Each structure stands twice: as structure tokens, then as C-alpha cells.
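Listing of my_file-v6.csv, CSV, C-alpha atoms
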```
chain,number,residue,atom,x,y,z
A,1,MET,CA,0.0,0.0,0.0
A,2,LYS,CA,1.3,3.5,-0.9
A,3,LEU,CA,-0.1,6.6,0.7
A,4,HIS,CA,-1.1,9.5,-1.5
A,5,PHE,CA,-0.5,13.1,-0.2
A,6,GLU,CA,-2.4,16.1,-1.5
A,7,ASP,CA,-0.1,18.9,-2.7
A,8,ASN,CA,-2.6,21.6,-3.6
A,9,LEU,CA,-4.6,22.3,-0.4
A,10,ASP,CA,-4.9,26.0,-0.3
A,11,TYR,CA,-4.7,26.5,3.4
A,12,GLN,CA,-1.5,24.4,3.6
A,13,LYS,CA,0.1,26.3,0.7
A,14,ALA,CA,-0.9,29.6,2.4
A,15,ALA,CA,1.0,28.5,5.6
A,16,ILE,CA,4.0,27.4,3.6
A,17,GLY,CA,4.0,30.6,1.6
A,18,ALA,CA,3.8,32.8,4.7
A,19,VAL,CA,7.1,31.4,6.0
A,20,ALA,CA,8.8,31.4,2.6
A,21,ASP,CA,7.8,35.0,1.8
A,22,LEU,CA,9.4,36.1,5.1
A,23,PHE,CA,12.8,36.0,3.3
A,24,ARG,CA,11.7,37.7,0.1
A,25,GLY,CA,14.6,39.5,-1.5
A,26,GLN,CA,17.2,36.9,-0.2
A,27,ASP,CA,19.6,35.5,-2.8
A,28,ILE,CA,20.4,31.8,-3.1
A,29,ASN,CA,23.7,31.5,-1.1
A,30,ARG,CA,25.4,29.7,1.7
A,31,THR,CA,28.2,30.3,4.3
A,32,GLU,CA,31.3,28.2,4.6
A,33,PHE,CA,33.5,27.5,7.6
A,34,THR,CA,36.4,25.3,8.6
A,35,VAL,CA,35.9,21.9,10.3
A,36,SER,CA,38.8,20.0,11.8
A,37,LYS,CA,40.0,16.8,10.0
A,38,LEU,CA,39.2,13.5,11.6
A,39,VAL,CA,42.3,11.7,12.9
A,40,ASP,CA,43.0,8.5,14.6
A,41,PRO,CA,43.8,8.4,18.4
A,42,SER,CA,47.6,8.7,17.7
A,43,GLY,CA,46.9,12.0,15.8
A,44,GLN,CA,49.0,11.0,12.8
A,45,THR,CA,46.6,9.8,10.0
A,46,ALA,CA,43.1,10.3,8.9
A,47,LEU,CA,40.6,7.6,10.0
A,48,PRO,CA,40.0,5.0,7.3
A,49,GLY,CA,37.0,6.0,5.2
A,50,MET,CA,36.5,9.2,7.1
A,51,GLU,CA,38.5,11.7,5.0
A,52,GLU,CA,35.5,13.8,4.2
A,53,SER,CA,35.7,17.5,3.4
A,54,THR,CA,37.0,19.9,6.1
A,55,LEU,CA,34.7,22.5,4.7
A,56,GLY,CA,31.5,23.2,6.7
A,57,ILE,CA,28.4,24.5,4.9
A,58,GLY,CA,25.7,26.6,6.6
A,59,ASN,CA,22.8,28.9,6.1
A,60,ARG,CA,23.4,32.6,5.5
A,61,LEU,CA,20.9,35.4,5.9
A,62,GLN,CA,21.6,38.6,3.8
A,63,LEU,CA,18.5,40.5,4.7
A,64,LEU,CA,18.6,43.3,7.3
A,65,ASP,CA,16.1,43.5,10.2
A,66,ASP,CA,14.2,46.3,8.5
A,67,GLU,CA,13.7,44.2,5.4
A,68,LEU,CA,12.5,41.2,7.4
A,69,LEU,CA,10.1,43.4,9.3
A,70,GLY,CA,8.7,44.8,6.1
A,71,ASN,CA,8.2,41.3,4.7
A,72,LEU,CA,6.6,40.2,8.0
A,73,GLY,CA,4.2,43.1,8.0
A,74,ASP,CA,3.1,42.3,4.4
A,75,ILE,CA,2.5,38.7,5.3
A,76,GLN,CA,0.5,39.6,8.4
A,77,LEU,CA,-1.7,42.0,6.6
A,78,ARG,CA,-2.3,39.4,3.8
A,79,ASN,CA,-3.4,36.9,6.4
A,80,GLY,CA,-5.6,39.2,8.5
A,81,LEU,CA,-3.2,39.5,11.4
A,82,ARG,CA,-2.1,42.5,13.4
A,83,PRO,CA,1.3,43.7,12.1
A,84,SER,CA,4.3,43.5,14.5
A,85,ASP,CA,5.7,46.9,15.5
A,86,SER,CA,9.3,45.6,15.7
A,87,LEU,CA,11.4,42.5,15.1
A,88,ALA,CA,11.8,41.6,18.8
A,89,SER,CA,13.4,38.2,18.1
A,90,GLY,CA,14.0,35.6,15.4
A,91,ASP,CA,11.0,33.6,16.5
A,92,PHE,CA,8.0,33.2,14.1
A,93,THR,CA,4.7,31.5,14.8
A,94,VAL,CA,2.4,29.4,12.7
A,95,GLU,CA,-0.9,28.4,14.4
A,96,MET,CA,-2.6,25.4,12.8
A,97,GLU,CA,-5.5,23.3,14.3
A,98,THR,CA,-4.8,19.7,15.1
A,99,GLY,CA,-5.7,17.5,12.2
A,100,THR,CA,-5.0,20.0,9.4
A,101,GLY,CA,-1.5,18.6,8.4
A,102,LYS,CA,0.9,20.7,10.6
A,103,THR,CA,3.7,18.2,10.2
A,104,TYR,CA,3.4,18.0,6.5
A,105,VAL,CA,3.3,21.8,6.3
A,106,TYR,CA,6.6,22.4,8.2
A,107,LEU,CA,8.3,19.5,6.3
A,108,ARG,CA,7.3,20.9,2.9
A,109,THR,CA,8.3,24.4,4.1
A,110,ILE,CA,11.9,23.0,4.4
A,111,PHE,CA,12.0,22.1,0.7
A,112,GLU,CA,10.4,25.4,-0.3
A,113,LEU,CA,13.0,27.4,1.6
A,114,ASN,CA,15.7,25.4,0.0
A,115,LYS,CA,14.2,25.9,-3.5
A,116,ARG,CA,13.9,29.6,-3.1
A,117,TYR,CA,16.9,30.6,-1.0
A,118,GLY,CA,19.3,27.6,-0.9
A,119,PHE,CA,19.0,27.0,2.9
A,120,THR,CA,20.2,23.5,3.7
A,121,LYS,CA,20.5,23.1,7.5
A,122,PHE,CA,17.3,22.4,9.5
A,123,MET,CA,16.6,21.1,13.0
A,124,ILE,CA,13.2,19.9,14.2
A,125,VAL,CA,12.8,20.0,17.9
A,126,VAL,CA,10.0,18.1,19.6
A,127,PRO,CA,8.9,17.6,23.2
A,128,SER,CA,8.8,13.8,23.4
A,129,VAL,CA,10.2,10.6,22.0
A,130,ALA,CA,6.8,9.6,20.7
A,131,ILE,CA,6.5,12.8,18.6
A,132,LYS,CA,10.1,12.4,17.5
A,133,GLU,CA,9.3,8.9,16.1
A,134,GLY,CA,6.2,10.2,14.5
A,135,VAL,CA,8.1,12.9,12.7
A,136,TYR,CA,10.7,10.4,11.6
A,137,LYS,CA,8.0,8.1,10.2
A,138,THR,CA,6.5,11.0,8.3
A,139,LEU,CA,9.8,11.8,6.7
A,140,GLN,CA,10.1,8.2,5.6
A,141,ILE,CA,6.7,7.9,4.0
A,142,THR,CA,6.8,11.3,2.3
A,143,ARG,CA,10.2,10.9,0.6
A,144,ASP,CA,8.9,10.0,-2.9
A,145,HIS,CA,6.2,12.7,-2.6
A,146,PHE,CA,8.7,15.5,-1.8
A,147,GLU,CA,11.3,14.3,-4.3
A,148,ASN,CA,8.7,14.5,-7.0
A,149,LEU,CA,7.6,18.0,-6.0
A,150,TYR,CA,11.2,19.2,-5.5
A,151,PRO,CA,13.5,17.3,-7.9
A,152,ASN,CA,16.5,19.4,-7.0
A,153,ALA,CA,16.2,18.2,-3.4
A,154,LYS,CA,16.9,14.6,-4.2
A,155,GLY,CA,19.5,13.1,-1.9
A,156,TYR,CA,18.3,15.1,1.1
A,157,GLU,CA,19.2,13.4,4.5
A,158,TYR,CA,17.4,13.2,7.8
A,159,PHE,CA,18.3,11.5,11.0
A,160,LEU,CA,17.3,11.2,14.7
A,161,TYR,CA,20.0,12.8,16.9
A,162,ASP,CA,21.8,10.1,19.0
A,163,SER,CA,24.5,11.2,21.4
A,164,ARG,CA,26.3,7.9,20.6
A,165,LYS,CA,26.5,8.7,16.9
A,166,LEU,CA,28.1,12.1,16.9
A,167,GLY,CA,29.6,11.4,13.4
A,168,GLN,CA,26.1,12.3,12.1
A,169,VAL,CA,26.5,15.8,13.5
A,170,ARG,CA,29.8,16.2,11.6
A,171,ASN,CA,28.1,15.0,8.4
A,172,TYR,CA,25.3,17.5,9.2
A,173,ALA,CA,27.8,20.3,9.2
A,174,THR,CA,29.8,19.3,6.1
A,175,SER,CA,27.2,17.9,3.7
A,176,PRO,CA,26.0,20.2,0.8
A,177,ASN,CA,22.7,18.5,0.7
A,178,ILE,CA,19.6,19.3,2.7
A,179,GLN,CA,20.1,18.1,6.3
A,180,ILE,CA,17.2,17.5,8.7
A,181,MET,CA,18.1,16.7,12.3
A,182,VAL,CA,15.2,15.5,14.5
A,183,VAL,CA,15.8,15.9,18.2
A,184,THR,CA,13.9,16.0,21.5
A,185,VAL,CA,14.3,19.1,23.7
A,186,GLY,CA,15.5,16.8,26.5
A,187,ALA,CA,18.5,15.8,24.4
A,188,ILE,CA,19.8,19.4,24.0
A,189,ASN,CA,18.9,21.2,27.3
A,190,LYS,CA,21.1,19.3,29.8
A,191,LYS,CA,24.7,20.6,29.2
A,192,ASP,CA,26.3,18.7,32.1
A,193,VAL,CA,25.3,15.2,30.9
A,194,ASN,CA,25.0,15.8,27.1
A,195,ASN,CA,27.7,14.7,24.7
A,196,LEU,CA,26.5,17.5,22.4
A,197,TYR,CA,28.4,19.9,24.6
A,198,LYS,CA,31.6,17.8,25.0
A,199,ASP,CA,34.8,17.5,22.9
A,200,SER,CA,34.6,14.3,20.7
A,201,GLU,CA,37.0,12.5,18.5
A,202,LYS,CA,34.0,11.7,16.2
A,203,THR,CA,33.8,15.3,15.3
A,204,GLY,CA,37.5,16.0,15.0
A,205,GLY,CA,38.0,17.0,18.6
A,206,GLU,CA,35.4,19.7,18.4
A,207,LYS,CA,32.2,20.1,20.4
A,208,PRO,CA,29.3,18.9,18.3
A,209,ILE,CA,27.3,21.9,19.5
A,210,ASP,CA,29.9,24.2,17.9
A,211,LEU,CA,29.4,22.5,14.5
A,212,VAL,CA,25.7,22.9,14.8
A,213,ARG,CA,26.0,26.6,15.7
A,214,ALA,CA,28.3,27.3,12.8
A,215,THR,CA,25.6,26.1,10.3
A,216,HIS,CA,23.0,28.7,11.6
A,217,PRO,CA,20.3,26.1,11.4
A,218,ILE,CA,16.6,27.0,10.8
A,219,ILE,CA,14.9,25.5,13.8
A,220,ILE,CA,11.4,24.1,13.6
A,221,VAL,CA,9.7,23.7,16.9
A,222,ASP,CA,6.8,21.2,17.1
A,223,GLU,CA,4.5,22.1,20.1
A,224,PRO,CA,6.7,25.0,21.5
A,225,GLN,CA,4.4,25.3,24.6
A,226,SER,CA,5.9,22.0,25.7
A,227,VAL,CA,9.4,22.6,24.4
A,228,ASP,CA,10.1,26.0,25.9
A,229,GLY,CA,10.2,24.8,29.5
A,230,GLY,CA,7.7,26.9,31.3
A,231,LEU,CA,8.7,29.8,33.5
A,232,LYS,CA,12.4,28.9,33.7
A,233,GLY,CA,12.5,28.4,29.9
A,234,GLN,CA,15.3,25.9,29.8
A,235,GLY,CA,14.2,24.6,26.5
A,236,LYS,CA,14.0,28.1,25.0
A,237,LYS,CA,17.5,28.8,26.2
A,238,ALA,CA,18.8,25.7,24.6
A,239,LEU,CA,17.2,26.6,21.3
A,240,ASP,CA,18.7,30.1,21.4
A,241,ALA,CA,22.1,28.5,22.1
A,242,MET,CA,22.0,26.8,18.7
A,243,ASN,CA,22.6,30.2,17.1
A,244,PRO,CA,19.7,29.7,14.7
A,245,LEU,CA,19.1,31.7,11.5
A,246,CYS,CA,15.4,31.8,12.8
A,247,THR,CA,13.0,29.7,14.8
A,248,LEU,CA,9.7,28.6,13.3
A,249,ARG,CA,7.1,27.6,15.9
A,250,TYR,CA,4.2,25.3,15.0
A,251,SER,CA,1.2,24.4,17.3
A,252,ALA,CA,-2.5,24.6,17.7
A,253,THR,CA,-2.2,26.0,21.3
A,254,HIS,CA,0.7,28.5,21.6
A,255,ALA,CA,1.5,29.8,25.0
A,256,ASP,CA,3.7,32.6,23.6
A,257,LYS,CA,2.8,34.0,20.1
A,258,HIS,CA,6.0,35.4,18.6
A,259,HIS,CA,5.5,37.3,15.3
A,260,MET,CA,2.4,35.4,14.0
A,261,LEU,CA,2.8,34.5,10.3
A,262,TYR,CA,-0.3,32.4,9.7
A,263,ARG,CA,-3.3,31.3,11.8
A,264,LEU,CA,-5.8,28.5,11.2
A,265,ASP,CA,-7.7,28.2,14.5
A,266,ALA,CA,-10.4,25.7,15.6
A,267,VAL,CA,-13.2,27.9,14.3
A,268,ASP,CA,-11.6,28.5,10.9
A,269,ALA,CA,-10.8,24.8,10.6
A,270,TYR,CA,-14.4,23.8,11.3
A,271,GLU,CA,-15.9,26.4,9.0
A,272,ARG,CA,-13.6,25.1,6.2
A,273,GLU,CA,-14.9,21.6,7.0
A,274,LEU,CA,-11.3,20.5,7.7
A,275,VAL,CA,-12.2,18.9,11.0
A,276,LYS,CA,-15.4,17.2,12.2
A,277,GLN,CA,-17.8,18.6,14.7
A,278,ILE,CA,-17.8,16.8,18.0
A,279,GLU,CA,-21.2,16.0,19.6
A,280,VAL,CA,-21.5,14.5,23.1
A,281,ALA,CA,-24.5,12.2,23.7
A,282,SER,CA,-25.4,11.2,27.3
A,283,LEU,CA,-25.7,7.5,28.1
A,284,GLU,CA,-28.0,5.9,30.7
A,285,ILE,CA,-28.0,2.3,31.6
A,286,GLU,CA,-31.2,0.6,32.6
A,287,GLY,CA,-31.4,-2.8,34.4
A,288,GLY,CA,-27.7,-2.9,35.3
A,289,HIS,CA,-28.3,-3.3,39.0
A,290,ASN,CA,-24.6,-2.5,39.7
A,291,LYS,CA,-25.5,0.2,42.2
A,292,ALA,CA,-27.9,0.4,45.2
A,293,TYR,CA,-31.3,1.8,44.2
A,294,LEU,CA,-33.7,3.6,46.5
A,295,LYS,CA,-36.5,6.0,45.5
A,296,LEU,CA,-38.9,7.7,48.0
A,297,LEU,CA,-42.4,7.7,46.7
A,298,SER,CA,-44.4,9.1,49.6
A,299,THR,CA,-44.6,9.6,53.4
A,300,HIS,CA,-47.5,9.2,55.9
A,301,ASN,CA,-48.0,10.4,59.4
A,302,ASN,CA,-50.9,8.5,61.1
A,303,ARG,CA,-51.2,9.7,64.7
A,304,GLY,CA,-47.5,9.8,65.2
A,305,SER,CA,-46.8,6.6,63.3
A,306,ILE,CA,-44.6,7.6,60.4
A,307,THR,CA,-44.3,5.4,57.4
A,308,ALA,CA,-43.0,5.8,53.8
A,309,LYS,CA,-43.4,4.1,50.5
A,310,VAL,CA,-40.1,3.4,48.8
A,311,GLU,CA,-39.1,1.7,45.6
A,312,VAL,CA,-36.1,-0.6,45.9
A,313,ASP,CA,-34.3,-3.4,44.0
A,314,VAL,CA,-34.9,-6.7,45.7
A,315,ALA,CA,-33.1,-10.0,44.9
A,316,GLN,CA,-35.7,-12.7,44.4
A,317,GLY,CA,-33.9,-16.0,43.6
A,318,LYS,CA,-31.5,-15.4,40.7
A,319,LYS,CA,-33.4,-12.3,39.5
A,320,ILE,CA,-33.6,-8.7,40.8
A,321,ARG,CA,-37.0,-7.0,40.7
A,322,ARG,CA,-37.9,-3.4,41.4
A,323,THR,CA,-40.5,-3.4,44.2
A,324,VAL,CA,-42.5,-0.9,46.2
A,325,MET,CA,-42.3,-1.4,50.0
A,326,THR,CA,-43.7,0.3,53.0
A,327,VAL,CA,-41.1,1.1,55.7
```

As C-alpha cells, the full file:
Amino acid sequence: MKLHFEDNLDYQKAAIGAVADLFRGQDINRTEFTVSKLVDPSGQTALPGMEESTLGIGNRLQLLDDELLGNLGDIQLRNGLRPSDSLASGDFTVEMETGTGKTYVYLRTIFELNKRYGFTKFMIVVPSVAIKEGVYKTLQITRDHFENLYPNAKGYEYFLYDSRKLGQVRNYATSPNIQIMVVTVGAINKKDVNNLYKDSEKTGGEKPIDLVRATHPIIIVDEPQSVDGGLKGQGKKALDAMNPLCTLRYSATHADKHHMLYRLDAVDAYERELVKQIEVASLEIEGGHNKAYLKLLSTHNNRGSITAKVEVDVAQGKKIRRTVMTV
């Protein structure tokens, strides 16, 4: 069985275009930096099969803040949103109701940004292992779909960050192809126990975090209200430490709305018939006899002798009958 993905849904294309148009005026280019050669423990020869380029390749932003702010305002007006007064940060928000294809939208946005501006380094940060596995599965099943839509992106690579496989981080920094790293926030926000922040032979003696920072990745945050880390904001600090070109935040329930680019809330999704209406029907069980039953029918006072008629469930043999009794 092969899944078919729609590529012309107007609301998804609007969300993708909102992010892509943010960089309108940017030329296709990249930045380059030096990466240490991999050597064996004796420090004399390159490790067998690991003599890859010592040139790192990263994203490069040419636009000035004023140009970004101008693009942002145009996008917000187009989408019926209040324009931002200033560019307070590099965080941008896309609000999409659950069930409208949020994961597909931000994955396709990656390829659109590469097509228009040549950006190649992307990091997807999620709050849990379950969501990480879900994103990875989506990357697997959409590969043919995206390669057909974006022929120039063929050969793109994606991987789950693993602290035991830091060679993947080096390849992330040096590869000229689109690189997509999927990582949980828990794997990047604990400096004291995380190999990402420690020198490693697998990355030429450099700290893997330094290689990531040098690429200026575009960070995509899935469910940022769960990633940021509450009042202390440990997750948000870890994201900012990655030295991102920008941070794109996708959720249906944002806690902090930074520079809103596109909004498809619950009401919009329902009116467009993108999600189904939920109706709650009450349920009442008759004849279950799992709980005690007692109903007062009437009371009588005959010269100080007080009685009452009640309805109760009475066991008679193997059956339970509802009976009226005087007590």
C-alpha cells in the first residue's frame, strides 16, 4: 500500500508561503566554515573511510532586520493578522489546528525554503520521544512525494539525533545536501550530561554543538508550549544557544505567540470543514443493578406513626426486581 499526499490544499500552501515569503529578497547563497580533520587516536593519519571535506556549509541570511520586518508586515496584513511593531526576536509563529496537516506543512516548508533561497540546514525540535518517532516516520513515507515535488532536493538526508552517533553531526555540518536533524528538547537542554556539549574524536576533537552553531540552522519547533520549558525556559534557552538563523514555531495551542505569520484556529478549521464537529451524547444504563437503588415515593403520618413508601431493587432468587415497599 502506498499513501497519497495532496499537494494543492490552499490553506497548507498559504501556511508554507507565509514562511517562505518572510525571506523575500534573499539571494540563493550559503556560508562556509572550517571543520577539523578526523584523525586516529595517535593523531597521525586520517581515520579510514572518514576523510571527508573539512569545509563546513551553513545557512546565510543577507536581509537586514528592517527588510525582514517589512516582509513580516506584508504577510501579516495578507493573512488578516495585526502587524508586528518591531522585530523583537528571530521567532515566528504558525498556528494550525490539530488534524490539518501541521507536520506535512513544516516539512514541505523546508524544501520550499531550499528551493527559493538555498537553505540546507534544518533542525526539528519536539517535546517527546513519541512525537520524534512520528516525525521520523512522516519523513520516511513522504520521501517520494517531496522528491517528485522538488527534484533538486533529491539526496536530502534526515536522522534522529543520537548522542552515541556524533559522526552524524559532523556530516550534518559538512554535507552540501539538505540536512534535517530531529531531536527531543531533552537531548539538548542538559549541558552537564549531554555529549553534544563535550569534545569528541568523532567530530575531529570539536564540540558537536559548535558545529551545529556554525551552520546557523533553521529550527522548527513542534509544540513549542511543551518545548520552551515553562517559567524557567530551559528549552527556549537551549534553542537560542543553537545560534539559529530563525526559529519557526508550529502548534494549535501556543503559549507565547511570537510574530504570528499564519493562523488557522479551531473555528476556521471547522468552517472550512477540515475537522469534524464533535457531539457528546449522554448515556444511561437501565437494568444494570450494579449500584444500590432507593426512591422515595411518599410519606405518611398517622397519629404519630410515620411510614414511607419506597421503591427498591430486591433480589428474588436469581433475579432482581424493582419493588414498592412500606417502611

Would you mind telling me which residue in A:Leu55, A:Tyr293, A:Tyr11, A:Lys2 lies nearest to Ile141 (chain A) when using all atoms listed in the file?
-> A:Lys2

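Between Arg78 (chain A) and the candidates A:Glu147, A:Asp313, A:Glu157, A:Asp21, the tightest atom-to-atom separation, counting only C-alpha atoms, involves A:Asp21.
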
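A straight line drawn from CA of Cys246 (chain A) to CA of Thr184 (chain A) is 18.1 Å long.
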
Proximity check region 108-224 of chain A to region 252-271 of chain A, 12 Å, nearest pairs one decimal Å, all atoms listed in the file, as a tab-separated table:
```
residue	atom	partner	partner_atom	distance
A:Val221	CA	A:His254	CA	11.2
A:Asp222	CA	A:Ala252	CA	9.9
A:Glu223	CA	A:His254	CA	7.6
A:Pro224	CA	A:His254	CA	6.9
```

Using CA of Val212 (chain A) and CA of Gln140 (chain A) as the two end points, give the distance in Å to one decimal.
-> 23.3 Å

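Proximity of A:Leu61, A:Leu248, A:Ala88, A:Ala214 to Ile124 (chain A), computed with all atoms listed in the file, is greatest for A:Leu248.
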
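Here the question is which of A:Lys295, A:His145, A:Lys236, A:Lys102 gets nearest to Ala308 (chain A) using all atoms listed in the file, and that residue is A:Lys295.
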
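Closest approach to Lys237 (chain A) from the set A:Leu297, A:Val185, A:Leu72, A:Val129 is made by A:Val185, with distances taken over only C-alpha atoms.
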
CA of Arg164 (chain A) sits from CA of Leu196 (chain A) at a separation of 9.8 Å

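Comparing A:Ser84, A:Asn79, A:Thr138, A:Asn177 by their smallest distance to Val19 (chain A), the closest is A:Asn79 (using all atoms listed in the file).
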
Residue neighbourhood region 118-121 of chain A, 10 Å, all atoms listed in the file, exclusion window fewer than 3 positions, as a PyMOL selection string | chain A and resi 26-31+57-61+110-115+153+156+172-173+175-181+212+215-219+244-245
